[in-house]
$ cat final-v9.pdb   # PDB, C-alpha atoms and all ligand atoms
ATOM      1  CA  MET T   1     109.812  93.884  82.625
ATOM      2  CA  TYR T   2     106.690  94.930  80.734
ATOM      3  CA  THR T   3     106.173  98.307  79.089
ATOM      4  CA  GLU T   4     103.346 100.784  79.724
ATOM      5  CA  ASN T   5     101.548  99.419  76.657
ATOM      6  CA  ASP T   6     101.480  95.873  78.042
ATOM      7  CA  LEU T   7      99.869  96.654  81.398
ATOM      8  CA  LEU T   8      96.724  94.714  82.303
ATOM      9  CA  PRO T   9      94.185  95.579  85.022
ATOM     10  CA  ILE T  10      94.737  94.109  88.480
ATOM     11  CA  SER T  11      91.001  93.337  88.614
ATOM     12  CA  ALA T  12      91.504  90.832  85.771
ATOM     13  CA  LEU T  13      93.492  88.615  88.157
ATOM     14  CA  GLN T  14      90.352  88.140  90.188
ATOM     15  CA  HIS T  15      88.356  87.304  87.057
ATOM     16  CA  LEU T  16      90.996  84.782  85.952
ATOM     17  CA  ALA T  17      91.201  83.174  89.385
ATOM     18  CA  PHE T  18      87.380  82.874  89.362
ATOM     19  CA  CYS T  19      87.062  81.490  85.816
ATOM     20  CA  PRO T  20      89.404  81.776  82.785
ATOM     21  CA  ARG T  21      86.407  81.976  80.440
ATOM     22  CA  GLN T  22      84.890  84.864  82.406
ATOM     23  CA  CYS T  23      88.253  86.649  82.274
ATOM     24  CA  ALA T  24      88.516  86.215  78.480
ATOM     25  CA  LEU T  25      84.900  87.254  77.887
ATOM     26  CA  ILE T  26      85.516  90.489  79.791
ATOM     27  CA  HIS T  27      89.093  91.329  78.806
ATOM     28  CA  VAL T  28      89.374  89.777  75.308
ATOM     29  CA  GLU T  29      85.809  90.031  73.993
ATOM     30  CA  GLN T  30      84.934  93.140  76.053
ATOM     31  CA  VAL T  31      81.650  91.597  77.225
ATOM     32  CA  TRP T  32      80.228  92.898  80.469
ATOM     33  CA  ALA T  33      76.916  92.147  82.135
ATOM     34  CA  GLU T  34      75.803  93.516  85.434
ATOM     35  CA  ASN T  35      73.972  91.528  88.076
ATOM     36  CA  ARG T  36      73.087  92.442  91.652
ATOM     37  CA  GLN T  37      76.528  91.433  92.942
ATOM     38  CA  THR T  38      78.467  93.474  90.371
ATOM     39  CA  ALA T  39      76.171  96.497  90.867
ATOM     40  CA  GLU T  40      76.688  96.387  94.637
ATOM     41  CA  GLY T  41      80.429  95.919  94.165
ATOM     42  CA  ARG T  42      80.595  98.828  91.721
ATOM     43  CA  LEU T  43      78.790 101.176  94.117
ATOM     44  CA  LEU T  44      81.043 100.082  96.978
ATOM     45  CA  HIS T  45      84.140 100.791  94.867
ATOM     46  CA  GLN T  46      82.807 104.132  93.654
ATOM     47  CA  ARG T  47      82.458 105.224  97.264
ATOM     48  CA  ALA T  48      85.856 103.807  98.187
ATOM     49  CA  HIS T  49      87.485 105.400  95.131
ATOM     50  CA  ASP T  50      86.756 108.939  96.214
ATOM     51  CA  THR T  51      90.309 110.176  95.871
ATOM     52  CA  GLY T  52      92.216 112.159  98.441
ATOM     53  CA  THR T  53      94.363 111.965 101.529
ATOM     54  CA  THR T  54      93.234 112.350 105.116
ATOM     55  CA  TRP T  55      94.694 111.791 108.574
ATOM     56  CA  GLU T  56      93.144 109.281 110.951
ATOM     57  CA  GLY T  57      95.155 109.917 114.093
ATOM     58  CA  GLU T  58      98.767 109.255 113.134
ATOM     59  CA  VAL T  59      97.789 107.239 110.063
ATOM     60  CA  LEU T  60      97.860 108.853 106.637
ATOM     61  CA  VAL T  61      94.967 107.440 104.568
ATOM     62  CA  THR T  62      94.952 107.721 100.765
ATOM     63  CA  ARG T  63      91.954 106.787  98.596
ATOM     64  CA  GLY T  64      91.983 105.901  94.923
ATOM     65  CA  LEU T  65      95.779 105.654  94.674
ATOM     66  CA  ASP T  66      96.999 104.744  91.164
ATOM     67  CA  LEU T  67      99.075 101.568  91.155
ATOM     68  CA  ARG T  68     101.471 100.091  88.628
ATOM     69  CA  CYS T  69     103.899  97.178  88.499
ATOM     70  CA  LEU T  70     106.116  96.869  85.417
ATOM     71  CA  ARG T  71     107.621  93.607  86.663
ATOM     72  CA  LEU T  72     104.218  91.862  86.566
ATOM     73  CA  GLY T  73     102.652  94.104  83.896
ATOM     74  CA  LEU T  74      99.765  95.277  86.070
ATOM     75  CA  VAL T  75      97.945  98.554  86.587
ATOM     76  CA  GLY T  76      95.041  99.548  88.829
ATOM     77  CA  LYS T  77      93.784 101.605  91.704
ATOM     78  CA  ALA T  78      93.809 100.896  95.429
ATOM     79  CA  ASP T  79      90.577 101.550  97.305
ATOM     80  CA  VAL T  80      92.549 102.672 100.347
ATOM     81  CA  VAL T  81      96.201 102.601 101.362
ATOM     82  CA  GLU T  82      96.987 103.363 104.980
ATOM     83  CA  PHE T  83     100.461 104.656 105.766
ATOM     84  CA  HIS T  84     101.423 103.957 109.372
ATOM     85  CA  PRO T  85     104.422 105.832 110.777
ATOM     86  CA  THR T  86     107.346 103.609 111.782
ATOM     87  CA  ILE T  87     109.659 106.513 112.667
ATOM     88  CA  ASN T  88     108.404 110.046 113.260
ATOM     89  CA  ALA T  89     110.177 112.947 111.567
ATOM     90  CA  GLN T  90     111.567 114.263 114.876
ATOM     91  CA  ASP T  91     113.091 110.866 115.743
ATOM     92  CA  LEU T  92     114.572 110.361 112.318
ATOM     93  CA  ASP T  93     118.253 109.655 112.304
ATOM     94  CA  ALA T  94     119.889 108.812 108.975
ATOM     95  CA  ASP T  95     121.521 105.618 110.301
ATOM     96  CA  ALA T  96     118.537 104.450 112.340
ATOM     97  CA  ALA T  97     116.201 105.086 109.409
ATOM     98  CA  GLU T  98     118.034 102.605 107.195
ATOM     99  CA  GLY T  99     115.568  99.774 106.524
ATOM    100  CA  ALA T 100     113.091 101.146 109.068
ATOM    101  CA  GLY T 101     110.258 101.787 106.635
ATOM    102  CA  LEU T 102     109.187 103.358 103.379
ATOM    103  CA  VAL T 103     110.045 106.848 102.229
ATOM    104  CA  LEU T 104     107.012 108.814 101.006
ATOM    105  CA  PRO T 105     107.529 111.649  98.534
ATOM    106  CA  GLY T 106     107.033 114.998 100.283
ATOM    107  CA  ARG T 107     106.640 113.445 103.762
ATOM    108  CA  LYS T 108     109.183 113.193 106.554
ATOM    109  CA  GLY T 109     109.738 110.068 108.633
ATOM    110  CA  ARG T 110     109.406 106.435 107.600
ATOM    111  CA  TRP T 111     106.184 104.547 106.887
ATOM    112  CA  ARG T 112     104.578 101.125 106.531
ATOM    113  CA  ALA T 113     102.046 100.799 103.691
ATOM    114  CA  HIS T 114      98.883  98.753 104.325
ATOM    115  CA  PRO T 115      96.454  98.359 101.369
ATOM    116  CA  VAL T 116      92.738  97.884 102.129
ATOM    117  CA  GLU T 117      90.347  96.523  99.502
ATOM    118  CA  TYR T 118      86.550  96.797  99.857
ATOM    119  CA  LYS T 119      84.465  93.809  98.824
ATOM    120  CA  ARG T 120      80.761  93.177  98.857
ATOM    121  CA  GLY T 121      79.645  89.872 100.371
ATOM    122  CA  LYS T 122      81.659  87.908 102.858
ATOM    123  CA  ARG T 123      85.028  86.232 103.233
ATOM    124  CA  LYS T 124      85.731  83.588 100.598
ATOM    125  CA  LEU T 125      87.517  80.312 101.097
ATOM    126  CA  GLU T 126      89.380  80.657  97.805
ATOM    127  CA  ASP T 127      92.263  83.107  97.419
ATOM    128  CA  VAL T 128      90.547  85.201  94.708
ATOM    129  CA  ASP T 129      90.341  88.404  96.796
ATOM    130  CA  ARG T 130      93.666  87.811  98.537
ATOM    131  CA  VAL T 131      95.402  87.518  95.155
ATOM    132  CA  GLN T 132      94.001  90.886  94.068
ATOM    133  CA  LEU T 133      95.118  92.510  97.323
ATOM    134  CA  CYS T 134      98.555  90.907  97.090
ATOM    135  CA  ALA T 135      98.924  92.292  93.536
ATOM    136  CA  GLN T 136      98.277  95.757  94.968
ATOM    137  CA  ALA T 137     101.005  95.158  97.553
ATOM    138  CA  LEU T 138     103.453  94.050  94.838
ATOM    139  CA  CYS T 139     102.680  97.275  92.927
ATOM    140  CA  LEU T 140     103.271  99.349  96.074
ATOM    141  CA  GLU T 141     106.560  97.535  96.723
ATOM    142  CA  GLU T 142     107.835  98.360  93.234
ATOM    143  CA  MET T 143     106.601 101.971  93.412
ATOM    144  CA  LEU T 144     107.898 102.675  96.937
ATOM    145  CA  LYS T 145     110.965 100.401  96.788
ATOM    146  CA  GLY T 146     110.282  98.653 100.080
ATOM    147  CA  ALA T 147     108.405  95.832 101.741
ATOM    148  CA  VAL T 148     104.605  95.734 102.155
ATOM    149  CA  PRO T 149     104.036  92.782 104.485
ATOM    150  CA  GLN T 150     100.289  92.934 105.187
ATOM    151  CA  GLY T 151      96.933  94.340 104.030
ATOM    152  CA  SER T 152      93.218  93.998 104.740
ATOM    153  CA  LEU T 153      90.018  92.981 102.981
ATOM    154  CA  PHE T 154      86.854  94.678 104.207
ATOM    155  CA  TYR T 155      83.629  92.759 103.499
ATOM    156  CA  GLY T 156      80.446  94.837 103.176
ATOM    157  CA  LYS T 157      78.002  92.071 104.127
ATOM    158  CA  THR T 158      79.673  91.043 107.360
ATOM    159  CA  ARG T 159      81.285  94.465 108.036
ATOM    160  CA  ARG T 160      84.390  92.465 108.942
ATOM    161  CA  ARG T 161      87.987  93.240 108.141
ATOM    162  CA  GLU T 162      90.212  90.271 107.296
ATOM    163  CA  GLU T 163      93.933  90.768 107.796
ATOM    164  CA  VAL T 164      95.995  89.245 104.966
ATOM    165  CA  LEU T 165      99.689  88.418 105.276
ATOM    166  CA  PHE T 166     101.554  88.517 101.993
ATOM    167  CA  THR T 167     103.305  85.204 102.480
ATOM    168  CA  PRO T 168     105.795  83.766  99.959
ATOM    169  CA  ALA T 169     103.067  81.289  98.878
ATOM    170  CA  LEU T 170     100.489  84.041  98.235
ATOM    171  CA  ARG T 171     103.074  86.132  96.378
ATOM    172  CA  ALA T 172     104.024  83.145  94.196
ATOM    173  CA  GLU T 173     100.347  82.410  93.461
ATOM    174  CA  THR T 174      99.741  86.053  92.514
ATOM    175  CA  GLU T 175     102.768  86.122  90.206
ATOM    176  CA  ARG T 176     101.688  82.852  88.571
ATOM    177  CA  ILE T 177      98.183  84.186  87.877
ATOM    178  CA  ALA T 178      99.637  87.454  86.515
ATOM    179  CA  MET T 179     101.786  85.459  84.056
ATOM    180  CA  GLU T 180      98.773  83.331  83.061
ATOM    181  CA  LEU T 181      96.759  86.502  82.509
ATOM    182  CA  HIS T 182      99.311  87.865  80.049
ATOM    183  CA  THR T 183      99.371  84.511  78.239
ATOM    184  CA  LEU T 184      95.552  84.386  78.038
ATOM    185  CA  ILE T 185      95.236  87.961  76.740
ATOM    186  CA  ALA T 186      98.105  87.532  74.250
ATOM    187  CA  ALA T 187      96.488  84.340  72.876
ATOM    188  CA  GLY T 188      93.219  86.264  72.391
ATOM    189  CA  LYS T 189      91.147  83.080  72.641
ATOM    190  CA  THR T 190      88.203  82.467  74.947
ATOM    191  CA  PRO T 191      88.308  79.048  76.662
ATOM    192  CA  PRO T 192      85.182  76.870  76.336
ATOM    193  CA  ALA T 193      82.498  76.981  79.036
ATOM    194  CA  GLU T 194      82.537  74.444  81.805
ATOM    195  CA  TYR T 195      79.492  74.418  84.028
ATOM    196  CA  SER T 196      80.222  74.394  87.779
ATOM    197  CA  PRO T 197      78.550  75.792  90.932
ATOM    198  CA  ARG T 198      80.450  79.089  90.541
ATOM    199  CA  CYS T 199      78.434  79.756  87.345
ATOM    200  CA  GLU T 200      75.352  80.454  89.469
ATOM    201  CA  SER T 201      76.975  83.616  90.860
ATOM    202  CA  CYS T 202      78.586  84.649  87.557
ATOM    203  CA  SER T 203      77.251  87.855  85.979
ATOM    204  CA  LEU T 204      77.989  86.434  82.511
ATOM    205  CA  ILE T 205      75.922  83.255  82.792
ATOM    206  CA  GLU T 206      73.318  84.537  80.298
ATOM    207  CA  VAL T 207      76.032  85.320  77.759
ATOM    208  CA  CYS T 208      78.161  82.274  78.425
ATOM    209  CA  LEU T 209      75.369  79.661  78.583
ATOM    210  CA  PRO T 210      77.539  77.060  80.329
ATOM    211  CA  GLN T 211      74.705  74.531  80.709
ATOM    212  CA  ALA T 212      74.115  74.530  76.963
ATOM    213  CA  ALA T 213      77.835  74.135  76.326
ATOM    214  CA  GLY T 214      77.948  71.177  78.693
ATOM    215  CA  LEU T 215      75.018  69.651  76.865
ATOM    216  CA  ARG T 216      76.668  70.204  73.472
ATOM    217  CA  GLN T 217      79.804  68.509  74.716
ATOM    218  CA  GLY T 218      77.766  65.594  76.012
ATOM    219  CA  HIS T 219      78.830  66.324  79.588
ATOM    220  CA  SER T 220      76.368  66.102  82.434
ATOM    221  CA  ALA T 221      73.424  65.908  80.027
ATOM    222  CA  SER T 222      71.227  64.043  82.481
ATOM    223  CA  ARG T 223      72.128  66.473  85.271
ATOM    224  CA  TYR T 224      71.347  69.413  83.012
ATOM    225  CA  LEU T 225      68.025  67.878  81.951
ATOM    226  CA  ALA T 226      67.089  67.154  85.565
ATOM    227  CA  LYS T 227      67.912  70.726  86.538
ATOM    228  CA  ALA T 228      65.931  72.143  83.584
ATOM    229  CA  LEU T 229      62.904  69.994  84.493
ATOM    230  CA  ASN T 230      63.194  70.980  88.143
ATOM    231  CA  GLU T 231      63.115  74.629  87.199
ATOM    232  CA  LEU T 232      59.867  74.034  85.247
ATOM    233  CA  MET T 233      58.172  72.314  88.170
ATOM    234  CA  PRO T 234      55.667  74.508  90.043
TER     235      PRO T 234
HETATM  236  S1  LIG T 301      79.005  81.116  83.513
HETATM  237 FE1  LIG T 301      80.515  79.707  84.411
HETATM  238  S2  LIG T 301      81.838  79.019  82.715
HETATM  239 FE2  LIG T 301      80.696  80.852  82.041
HETATM  240  S3  LIG T 301      82.050  82.543  82.445
HETATM  241 FE3  LIG T 301      80.734  82.374  84.223
HETATM  242  S4  LIG T 301      81.811  81.031  85.654
HETATM  243 FE4  LIG T 301      82.810  80.818  83.654
END

$ encode --input "final-v9.pdb" --output "structure tokens" --more "lines below"
Ligand code: SF4
Amino acid sequence: MYTENDLLPISALQHLAFCPRQCALIHVEQVWAENRQTAEGRLLHQRAHDTGTTWEGEVLVTRGLDLRCLRLGLVGKADVVEFHPTINAQDLDADAAEGAGLVLPGRKGRWRAHPVEYKRGKRKLEDVDRVQLCAQALCLEEMLKGAVPQGSLFYGKTRRREEVLFTPALRAETERIAMELHTLIAAGKTPPAEYSPRCESCSLIEVCLPQAAGLRQGHSASRYLAKALNELMP
């Protein structure tokens, strides 16, 4: 178990899964640079993080819910958590309610929590976004003392909602990355740059200079030179 002082942001999991150097630049060296993608993402999250609770039919919808998991040492905010009723208050029987859903403070009945995370862009093949969503579910499970089996990712570009099952494999991957995050932050060292296609969408490319690092290390020098010459061609 971690203490309150050890908690790290859930969003850092996504940075670490994308690139350990990017994660260290942001969370160890406190470097941040905005590009079009991060600006769009920030605006999307600002809108989603309007806090409050509303009803959508029978579903209780909370926005900007604070999350915390001492077991994994994580803290953050959920864009949206939907609470679907599993047993209505009038049908609630103490025996039947056992294991039938989550108990919400100040609310009758039993509930199933379903986190929803808003993302710009479109669905990714890698698990970067799913890991972040799964971390939110693990926080909710610790806070509400019950199972959170499923959530959703909503992609702004495609306006599509992807349903995500929190399988044992995804949970294990999320826990592994959370442990790696604590190790990386505790070490306080930024890993060296390694140029790869993901660098082209990285907001820190101007700070990181991965092509120059590759050149210094003698890696891919001809590829780097060819790319540099190509960029100079009319
Ligand atoms: S530019 Fe590439 S190596 Fe550098 S932080 Fe971004 S993804 Fe990582």

$ resolve_selection --input "final-v9.pdb" --expression "the PyMOL selection byres (((not hetatm)) within 10 of (chain T and resi 301))" --output "PyMOL selection string"
chain T and resi 15-16+18-26+190-211+213-214

$ closest_residue --input "final-v9.pdb" --among "T:Ile185, T:Lys145, T:Asp66, T:Leu138" --to "T:Arg171" --atoms "all atoms listed in the file"
T:Leu138

$ resolve_selection --input "final-v9.pdb" --expression "the PyMOL selection byres (((chain T and resi 148-162) around 8) and not hetatm)" --output "MDAnalysis selection string"
chainID T and resid 112:123 129:130 133:134 137:138 140:141 146:147 163:167

$ atom_distance --input "final-v9.pdb" --atom1 "atom CA of T:Leu65" --atom2 "atom CA of T:Trp32"
24.6 Å

$ residues_around --input "final-v9.pdb" --residues "T:Trp111" --least-positions-apart "2" --cutoff "7 Å" --atoms "only C-alpha atoms" --output "list of chain:residue names"
T:Phe83, T:His84, T:Pro85, T:Thr86, T:Gly101, T:Leu102, T:Val103, T:Gly109, T:Ala113

$ write_last_selection --input "final-v9.pdb" --atoms "C-alpha atoms" --output "PDB file, keeping the file's coordinate frame"
ATOM      1  CA  PHE T  83     100.461 104.656 105.766  1.00  0.00           C
ATOM      2  CA  HIS T  84     101.423 103.957 109.372  1.00  0.00           C
ATOM      3  CA  PRO T  85     104.422 105.832 110.777  1.00  0.00           C
ATOM      4  CA  THR T  86     107.346 103.609 111.782  1.00  0.00           C
ATOM      5  CA  GLY T 101     110.258 101.787 106.635  1.00  0.00           C
ATOM      6  CA  LEU T 102     109.187 103.358 103.379  1.00  0.00           C
ATOM      7  CA  VAL T 103     110.045 106.848 102.229  1.00  0.00           C
ATOM      8  CA  GLY T 109     109.738 110.068 108.633  1.00  0.00           C
ATOM      9  CA  ALA T 113     102.046 100.799 103.691  1.00  0.00           C
TER      10      ALA T 113
END

$ atom_distance --input "final-v9.pdb" --atom1 "atom CA of T:Lys108" --atom2 "atom CA of T:Arg71"
28.0 Å

$ resolve_selection --input "final-v9.pdb" --expression "the PyMOL selection byres (((chain T and resi 57) around 12) and not hetatm)" --output "JSON, numbers by chain"
{"T": [54, 55, 56, 58, 59, 60, 61, 82, 83, 84, 85]}

$ atom_distance --input "final-v9.pdb" --atom1 "atom CA of T:Ala12" --atom2 "atom CA of T:Glu126"
15.9 Å

$ closest_atom_pairs --input "final-v9.pdb" --of "stretch 46-143 of chain T" --to "stretch 2-5 of chain T" --cutoff "12 Å" --atoms "all atoms listed in the file" --output "JSON lines"
{"residue": "T:Arg68", "atom": "CA", "partner": "T:Glu4", "partner_atom": "CA", "distance": 9.1}
{"residue": "T:Cys69", "atom": "CA", "partner": "T:Tyr2", "partner_atom": "CA", "distance": 8.6}
{"residue": "T:Leu70", "atom": "CA", "partner": "T:Tyr2", "partner_atom": "CA", "distance": 5.1}
{"residue": "T:Arg71", "atom": "CA", "partner": "T:Tyr2", "partner_atom": "CA", "distance": 6.1}
{"residue": "T:Leu72", "atom": "CA", "partner": "T:Tyr2", "partner_atom": "CA", "distance": 7.0}
{"residue": "T:Gly73", "atom": "CA", "partner": "T:Tyr2", "partner_atom": "CA", "distance": 5.2}
{"residue": "T:Leu74", "atom": "CA", "partner": "T:Tyr2", "partner_atom": "CA", "distance": 8.7}
{"residue": "T:Val75", "atom": "CA", "partner": "T:Glu4", "partner_atom": "CA", "distance": 9.0}
